[in-house]
file my_file-v3.cif (mmCIF, C-alpha atoms)
data_model
loop_
_atom_site.label_atom_id
_atom_site.label_comp_id
_atom_site.auth_asym_id
_atom_site.auth_seq_id
_atom_site.Cartn_x
_atom_site.Cartn_y
_atom_site.Cartn_z
CA MET A 316 -30.03 34.15 3.65
CA ALA A 317 -29.03 37.30 5.55
CA ALA A 318 -25.51 35.94 6.08
CA LEU A 319 -24.91 35.93 2.34
CA ASP A 320 -25.70 39.63 2.08
CA ARG A 321 -22.86 40.62 4.37
CA PRO A 322 -19.89 42.21 2.61
CA VAL A 323 -17.05 39.73 2.17
CA ALA A 324 -14.20 40.71 4.45
CA LYS A 325 -11.44 39.60 2.09
CA PRO A 326 -11.41 38.04 -1.36
CA ARG A 327 -11.36 34.24 -1.28
CA PRO A 328 -9.18 32.31 -3.75
CA VAL A 329 -11.18 31.08 -6.72
CA TYR A 330 -8.85 28.13 -7.22
CA LEU A 331 -6.13 26.41 -5.27
CA ASN A 332 -2.82 25.95 -7.04
CA LEU A 333 -1.24 23.04 -5.17
CA PHE A 334 2.22 24.00 -6.39
CA ALA A 335 1.92 27.58 -5.19
CA ILE A 336 0.89 26.59 -1.66
CA ARG A 337 3.56 25.58 0.81
CA GLN A 338 2.26 22.24 2.08
CA PRO A 339 2.42 21.60 5.83
CA LEU A 340 4.50 18.56 6.76
CA PRO A 341 1.54 16.27 7.60
CA ALA A 342 0.09 17.06 4.16
CA ILE A 343 3.34 15.86 2.54
CA VAL A 344 3.21 12.64 4.61
CA SER A 345 -0.41 12.22 3.51
CA ILE A 346 0.12 12.65 -0.25
CA LEU A 347 3.16 10.35 -0.08
CA HIS A 348 0.97 7.79 1.69
CA ARG A 349 -1.35 7.92 -1.32
CA ILE A 350 1.45 7.87 -3.93
CA SER A 351 3.24 4.98 -2.19
CA GLY A 352 -0.04 3.04 -2.04
CA ALA A 353 -0.61 3.55 -5.77
CA LEU A 354 2.94 2.35 -6.52
CA LEU A 355 2.47 -0.73 -4.34
CA PHE A 356 -0.75 -1.57 -6.18
CA LEU A 357 0.53 -0.89 -9.72
CA ILE A 358 4.00 -2.46 -9.45
CA GLY A 359 4.33 -4.02 -6.00
CA ILE A 360 1.57 -6.66 -6.10
CA PRO A 361 2.38 -8.17 -9.52
CA LEU A 362 6.12 -8.03 -8.82
CA LEU A 363 5.65 -9.71 -5.42
CA LEU A 364 3.61 -12.53 -6.97
CA TRP A 365 6.11 -13.00 -9.78
CA VAL A 366 9.08 -13.10 -7.40
CA VAL A 367 7.44 -15.63 -5.04
CA GLN A 368 6.32 -17.77 -7.99
CA ARG A 369 9.80 -17.85 -9.55
CA ALA A 370 11.43 -18.41 -6.17
CA LEU A 371 9.33 -21.52 -5.55
CA ALA A 372 9.41 -22.97 -9.07
CA SER A 373 12.88 -24.57 -9.14
CA PRO A 374 16.49 -23.85 -8.15
CA ASP A 375 17.12 -22.67 -11.73
CA ALA A 376 14.10 -20.33 -11.68
CA TRP A 377 15.31 -19.02 -8.30
CA ALA A 378 18.75 -18.26 -9.74
CA GLN A 379 17.26 -16.61 -12.85
CA MET A 380 14.97 -14.46 -10.70
CA ARG A 381 17.91 -13.41 -8.51
CA SER A 382 19.97 -12.42 -11.53
CA ALA A 383 17.01 -10.56 -13.11
CA LEU A 384 16.61 -8.58 -9.90
CA GLY A 385 20.32 -7.79 -10.02
CA HIS A 386 19.81 -5.56 -13.05
CA PRO A 387 20.31 -1.87 -12.13
CA ILE A 388 16.77 -0.90 -13.21
CA ALA A 389 15.33 -3.80 -11.19
CA LYS A 390 17.36 -2.74 -8.16
CA LEU A 391 16.12 0.83 -8.51
CA THR A 392 12.53 -0.45 -8.78
CA LEU A 393 13.00 -2.58 -5.66
CA LEU A 394 14.42 0.42 -3.83
CA VAL A 395 11.46 2.63 -4.76
CA LEU A 396 9.05 -0.13 -3.70
CA ALA A 397 10.97 -0.63 -0.45
CA TRP A 398 10.54 3.07 0.29
CA ALA A 399 6.86 2.85 -0.66
CA TYR A 400 6.34 -0.11 1.69
CA PHE A 401 8.17 1.56 4.58
CA HIS A 402 6.41 4.89 4.14
CA HIS A 403 2.98 3.32 3.67
CA PHE A 404 3.52 0.99 6.66
CA LEU A 405 4.72 3.74 9.01
CA ALA A 406 2.17 6.33 7.87
CA GLY A 407 -0.51 3.65 8.29
CA ILE A 408 0.59 2.90 11.86
CA ARG A 409 0.49 6.67 12.48
CA HIS A 410 -3.11 6.69 11.22
CA LEU A 411 -4.08 3.76 13.46
CA VAL A 412 -2.54 5.49 16.49
CA MET A 413 -4.47 8.66 15.62
CA ASP A 414 -7.65 6.55 15.34
CA LEU A 415 -7.08 5.87 19.05
CA HIS A 416 -7.03 9.67 19.56
CA ILE A 417 -3.34 9.66 20.39
CA GLY A 418 -1.12 12.44 19.03
CA MET A 419 -3.96 14.44 17.53
CA ASP A 420 -2.74 17.95 18.35
CA VAL A 421 -0.75 19.85 15.74
CA PRO A 422 2.75 19.71 17.34
CA ALA A 423 2.44 15.96 17.99
CA ALA A 424 1.12 15.34 14.46
CA ARG A 425 4.03 17.30 13.01
CA ARG A 426 6.53 15.33 15.11
CA SER A 427 5.06 11.92 14.17
CA GLY A 428 4.85 13.02 10.53
CA ALA A 429 8.52 14.00 10.50
CA PHE A 430 9.36 10.71 12.23
CA VAL A 431 7.54 8.74 9.50
CA LEU A 432 9.23 10.68 6.68
CA VAL A 433 12.72 10.29 8.15
CA LEU A 434 12.46 6.67 9.31
CA ALA A 435 11.13 5.54 5.90
CA VAL A 436 14.13 7.18 4.21
CA VAL A 437 16.59 5.71 6.74
CA LEU A 438 15.18 2.19 6.26
CA THR A 439 15.25 2.67 2.47
CA PHE A 440 18.91 3.69 2.76
CA ALA A 441 19.60 0.47 4.69
CA VAL A 442 18.00 -1.51 1.85
CA ALA A 443 20.11 0.42 -0.68
CA VAL A 444 23.27 -0.56 1.22
CA LYS A 445 22.12 -4.19 1.16
CA LEU A 446 21.28 -4.08 -2.58
CA TRP A 447 24.55 -2.49 -3.71
CA MET B 918 -33.60 6.00 0.57
CA THR B 919 -30.91 8.57 0.06
CA PRO B 920 -31.46 10.46 -3.18
CA ASN B 921 -28.71 11.21 -5.71
CA ARG B 922 -26.86 7.95 -5.24
CA ILE B 923 -24.39 7.31 -8.03
CA VAL B 924 -23.29 3.95 -9.29
CA VAL B 925 -19.62 4.43 -8.37
CA GLY B 926 -20.24 6.44 -5.21
CA ALA B 927 -19.04 5.57 -1.76
CA HIS B 928 -20.94 2.98 0.24
CA TYR B 929 -22.21 5.75 2.49
CA GLY B 930 -21.03 3.85 5.52
CA TRP B 931 -18.12 2.80 7.63
CA ARG B 932 -17.44 -0.66 6.19
CA ASP B 933 -14.58 0.33 3.87
CA TRP B 934 -13.01 2.45 6.58
CA LEU B 935 -13.04 -0.57 8.90
CA VAL B 936 -11.81 -3.02 6.24
CA GLN B 937 -8.91 -0.71 5.46
CA ARG B 938 -7.81 -0.73 9.09
CA ILE B 939 -8.36 -4.42 9.88
CA SER B 940 -6.54 -5.49 6.71
CA ALA B 941 -3.71 -3.09 7.63
CA VAL B 942 -3.31 -4.71 11.05
CA VAL B 943 -3.30 -8.22 9.48
CA MET B 944 -0.60 -7.14 7.02
CA ALA B 945 1.46 -5.50 9.76
CA PHE B 946 1.51 -8.75 11.79
CA TYR B 947 2.38 -10.82 8.70
CA THR B 948 5.18 -8.37 7.87
CA LEU B 949 6.63 -8.86 11.35
CA LEU B 950 6.28 -12.65 10.97
CA VAL B 951 8.23 -12.63 7.67
CA LEU B 952 10.86 -10.28 9.13
CA GLY B 953 11.23 -12.67 12.06
CA LEU B 954 11.61 -15.66 9.72
CA LEU B 955 14.23 -13.79 7.67
CA LEU B 956 16.23 -13.01 10.80
CA TRP B 957 15.78 -16.62 12.01
CA HIS B 958 17.15 -18.04 8.73
CA GLY B 959 19.81 -15.35 8.58
CA GLY B 960 18.95 -14.49 4.97
CA LEU B 961 17.42 -16.25 2.00
CA ASP B 962 18.42 -19.28 0.02
CA TYR B 963 16.32 -21.56 -2.16
CA ASP B 964 16.07 -24.43 0.35
CA ALA B 965 15.02 -22.22 3.28
CA TRP B 966 12.50 -20.45 1.01
CA LYS B 967 11.07 -23.75 -0.24
CA ALA B 968 10.87 -25.21 3.28
CA THR B 969 9.09 -22.11 4.57
CA PHE B 970 6.41 -22.34 1.90
CA ALA B 971 6.06 -26.12 2.37
CA ASN B 972 4.54 -25.33 5.76
CA GLU B 973 0.74 -25.31 5.41
CA PRO B 974 0.02 -22.83 8.27
CA PHE B 975 2.51 -20.41 6.68
CA ARG B 976 0.78 -20.83 3.31
CA LEU B 977 -2.59 -20.09 4.91
CA ALA B 978 -1.16 -17.05 6.72
CA THR B 979 0.26 -15.88 3.38
CA PHE B 980 -3.15 -16.33 1.77
CA VAL B 981 -4.84 -14.27 4.51
CA PHE B 982 -2.13 -11.61 4.01
CA MET B 983 -2.74 -11.54 0.25
CA LEU B 984 -6.52 -11.27 0.63
CA SER B 985 -5.97 -8.41 3.10
CA LEU B 986 -3.56 -6.77 0.68
CA LEU B 987 -5.93 -7.08 -2.29
CA TRP B 988 -8.97 -5.85 -0.37
CA HIS B 989 -6.91 -3.02 1.17
CA ALA B 990 -5.69 -2.09 -2.32
CA TRP B 991 -9.30 -1.96 -3.52
CA VAL B 992 -10.31 0.50 -0.79
CA GLY B 993 -7.28 2.70 -1.43
CA VAL B 994 -7.42 2.69 -5.22
CA ARG B 995 -11.16 3.38 -5.14
CA ASN B 996 -10.53 6.36 -2.83
CA ILE B 997 -8.02 7.68 -5.36
CA ALA B 998 -10.49 7.12 -8.21
CA MET B 999 -13.27 8.93 -6.34
CA ASP B 1000 -10.99 11.95 -5.81
CA TYR B 1001 -9.45 12.31 -9.26
CA ILE B 1002 -11.71 10.63 -11.84
CA LYS B 1003 -14.88 12.66 -12.10
CA PRO B 1004 -16.80 11.33 -15.15
CA VAL B 1005 -18.90 8.41 -13.88
CA SER B 1006 -18.35 6.30 -17.02
CA VAL B 1007 -14.56 6.63 -16.85
CA ARG B 1008 -14.50 5.93 -13.13
CA LEU B 1009 -16.70 2.85 -13.49
CA THR B 1010 -14.51 1.51 -16.31
CA PHE B 1011 -11.38 2.11 -14.24
CA GLU B 1012 -12.91 0.46 -11.17
CA VAL B 1013 -14.01 -2.59 -13.15
CA ALA B 1014 -10.46 -2.94 -14.52
CA VAL B 1015 -9.05 -2.68 -10.98
CA ILE B 1016 -11.50 -5.28 -9.64
CA ALA B 1017 -10.69 -7.62 -12.53
CA SER B 1018 -6.96 -7.32 -11.83
CA LEU B 1019 -7.47 -7.92 -8.10
CA VAL B 1020 -9.55 -11.05 -8.80
CA ALA B 1021 -6.85 -12.22 -11.22
CA TYR B 1022 -4.18 -11.61 -8.55
CA THR B 1023 -6.26 -13.72 -6.15
CA GLY B 1024 -6.19 -16.59 -8.65
CA TRP B 1025 -2.46 -16.11 -9.19
CA THR B 1026 -1.92 -16.20 -5.42
CA ILE B 1027 -3.77 -19.53 -5.11
CA GLN B 1028 -1.74 -20.91 -8.00
CA VAL B 1029 1.55 -19.82 -6.42
CA LEU B 1030 0.65 -21.20 -2.99
CA TRP B 1031 -1.03 -24.50 -3.89
CA GLY B 1032 -0.41 -24.99 -7.63
CA GLY B 1033 2.72 -27.04 -7.04
CA VAL B 1034 1.21 -29.32 -4.41
#
call {"tool": "encode", "arguments": {"input": "my_file-v3.cif", "output": "structure tokens"}}
result
Amino acid sequence: MAALDRPVAKPRPVYLNLFAIRQPLPAIVSILHRISGALLFLIGIPLLLWVVQRALASPDAWAQMRSALGHPIAKLTLLVLAWAYFHHFLAGIRHLVMDLHIGMDVPAARRSGAFVLVLAVVLTFAVAVKLW
Amino acid sequence: MTPNRIVVGAHYGWRDWLVQRISAVVMAFYTLLVLGLLLWHGGLDYDAWKATFANEPFRLATFVFMLSLLWHAWVGVRNIAMDYIKPVSVRLTFEVAVIASLVAYTGWTIQVLWGGV
């Protein structure tokens, strides 16, 4: 226990305020991976099942589903979910590549993280153009 | 035996880690398949949609995708619960609700894919 008796060189923080810390870019990619996954579970899965069910039920049900998804709030929901899918997909591929020990150093991780963030937004923008 | 095991703890192993990745790869391939079909049909109309789902191999692929999605969701949501929900009773209740919904979604999936046959 001798190590514990040494004087502490500098005071350590007693708590970490997440909003006071400037998050590094890979940390932002990571928390968005988690948030997008939660959104896909909470809204994405039931909405996906509902859409496929309505789409297969009958031509009338198909038309009703299309018009329901044309509502501005529905479009906004679809757009958020599209972003969530893109971000989660791309960040997941990034994880799988890192599992192969590729791009593990900090500059490469920052570059791939920025790539994921930007490409997800670009693809979401393409969906927005298609929706409106 | 490892002491201090808790009822909603991790499985103290690599299985979930592996399931998360294998299911992710399955979903990635299915996503590319659907994207390819969308490009092939040049968009979506009711008849093309209906014809696509009338194909049994596509239905089976969709079922494998959905099982991957639901299992993947379980691993991810449980990770979130383990990080943010500390009281064991609350976490167990939450996890039971999540499992129940995922089982219900599995039933819904089967109904959507084969209910009309």
call {"tool": "atom_distance", "arguments": {"input": "my_file-v3.cif", "atom1": "CA of Tyr1001 (chain B)", "atom2": "CA of Leu333 (chain A)"}}
result
14.1 Å
call {"tool": "residues_around", "arguments": {"input": "my_file-v3.cif", "residues": "Gly1024 (chain B)", "least_positions_apart": "6", "cutoff": "12 Å", "atoms": "all atoms listed in the file", "output": "PDB file with C-alpha atoms, in the coordinates of the input"}}
result
ATOM      1  CA  LEU A 364       3.610 -12.530  -6.970  1.00  0.00           C
TER       2      LEU A 364
ATOM      3  CA  PHE B 980      -3.150 -16.330   1.770  1.00  0.00           C
ATOM      4  CA  MET B 983      -2.740 -11.540   0.250  1.00  0.00           C
ATOM      5  CA  LEU B 984      -6.520 -11.270   0.630  1.00  0.00           C
ATOM      6  CA  LEU B 987      -5.930  -7.080  -2.290  1.00  0.00           C
ATOM      7  CA  ALA B1017     -10.690  -7.620 -12.530  1.00  0.00           C
ATOM      8  CA  SER B1018      -6.960  -7.320 -11.830  1.00  0.00           C
ATOM      9  CA  LEU B1030       0.650 -21.200  -2.990  1.00  0.00           C
ATOM     10  CA  TRP B1031      -1.030 -24.500  -3.890  1.00  0.00           C
ATOM     11  CA  GLY B1032      -0.410 -24.990  -7.630  1.00  0.00           C
TER      12      GLY B1032
END
call {"tool": "closest_residue", "arguments": {"input": "my_file-v3.cif", "among": "B:Leu954, B:Thr969, B:Val1005, B:Leu1019", "to": "Val992 (chain B)", "atoms": "all atoms listed in the file"}}
result
B:Leu1019
call {"tool": "atom_distance", "arguments": {"input": "my_file-v3.cif", "atom1": "CA of Pro339 (chain A)", "atom2": "CA of Arg426 (chain A)"}}
result
11.9 Å
call {"tool": "resolve_selection", "arguments": {"input": "my_file-v3.cif", "expression": "the PyMOL selection byres ((chain B) within 7 of (chain A))", "output": "number ranges by chain"}}
result
B: 963, 967, 990, 994, 1026, 1029
call {"tool": "closest_residue", "arguments": {"input": "my_file-v3.cif", "among": "A:Ala335, A:Val344, A:Leu394, A:Met413", "to": "Val444 (chain A)", "atoms": "only C-alpha atoms"}}
result
A:Leu394
call {"tool": "resolve_selection", "arguments": {"input": "my_file-v3.cif", "expression": "the PyMOL selection byres ((chain B and resi 1009-1013) around 10)", "output": "list in words"}}
result
Val924, Val925, Gly926, Trp991, Val994, Arg995, Ala998, Met999, Ile1002, Pro1004, Val1005, Ser1006, Val1007, Arg1008, Ala1014, Val1015, Ile1016, Ala1017, Ser1018 and Leu1019 of chain B
call {"tool": "write_last_selection", "arguments": {"input": "my_file-v3.cif", "atoms": "C-alpha atoms", "output": "mmCIF file, in the frame of the given file"}}
result
data_model
loop_
_atom_site.group_PDB
_atom_site.id
_atom_site.type_symbol
_atom_site.label_atom_id
_atom_site.label_comp_id
_atom_site.auth_asym_id
_atom_site.auth_seq_id
_atom_site.Cartn_x
_atom_site.Cartn_y
_atom_site.Cartn_z
ATOM 1 C CA VAL B 924 -23.290 3.950 -9.290
ATOM 2 C CA VAL B 925 -19.620 4.430 -8.370
ATOM 3 C CA GLY B 926 -20.240 6.440 -5.210
ATOM 4 C CA TRP B 991 -9.300 -1.960 -3.520
ATOM 5 C CA VAL B 994 -7.420 2.690 -5.220
ATOM 6 C CA ARG B 995 -11.160 3.380 -5.140
ATOM 7 C CA ALA B 998 -10.490 7.120 -8.210
ATOM 8 C CA MET B 999 -13.270 8.930 -6.340
ATOM 9 C CA ILE B 1002 -11.710 10.630 -11.840
ATOM 10 C CA PRO B 1004 -16.800 11.330 -15.150
ATOM 11 C CA VAL B 1005 -18.900 8.410 -13.880
ATOM 12 C CA SER B 1006 -18.350 6.300 -17.020
ATOM 13 C CA VAL B 1007 -14.560 6.630 -16.850
ATOM 14 C CA ARG B 1008 -14.500 5.930 -13.130
ATOM 15 C CA ALA B 1014 -10.460 -2.940 -14.520
ATOM 16 C CA VAL B 1015 -9.050 -2.680 -10.980
ATOM 17 C CA ILE B 1016 -11.500 -5.280 -9.640
ATOM 18 C CA ALA B 1017 -10.690 -7.620 -12.530
ATOM 19 C CA SER B 1018 -6.960 -7.320 -11.830
ATOM 20 C CA LEU B 1019 -7.470 -7.920 -8.100
#
call {"tool": "closest_residue", "arguments": {"input": "my_file-v3.cif", "among": "A:Ala406, A:Leu415, A:Leu384, A:Leu446", "to": "Phe430 (chain A)", "atoms": "all atoms listed in the file"}}
result
A:Ala406
call {"tool": "atom_distance", "arguments": {"input": "my_file-v3.cif", "atom1": "CA of Arg409 (chain A)", "atom2": "CA of Arg976 (chain B)"}}
result
29.0 Å
call {"tool": "closest_residue", "arguments": {"input": "my_file-v3.cif", "among": "A:Val412, A:Val442, A:Leu354, A:Ile417", "to": "Lys390 (chain A)", "atoms": "only C-alpha atoms"}}
result
A:Val442
call {"tool": "residues_around", "arguments": {"input": "my_file-v3.cif", "residues": "Gly428 (chain A)", "least_positions_apart": "5", "cutoff": "9 Å", "atoms": "only C-alpha atoms", "output": "JSON, numbers by chain"}}
result
{"A": [340, 341, 342, 343, 344, 345, 406, 409, 423, 433]}
call {"tool": "closest_residue", "arguments": {"input": "my_file-v3.cif", "among": "B:Ile997, B:Ala1021, B:Leu986, B:Ile1027", "to": "Ala945 (chain B)", "atoms": "only C-alpha atoms"}}
result
B:Leu986
call {"tool": "axis_aligned_box", "arguments": {"input": "my_file-v3.cif", "around": "region 426-445 of chain A", "padding_each_side": "3 Å", "output": "lines of an AutoDock Vina configuration file"}}
result
center_x = 14.1
center_y = 5.6
center_z = 7.2
size_x = 24.4
size_y = 25.5
size_z = 21.8
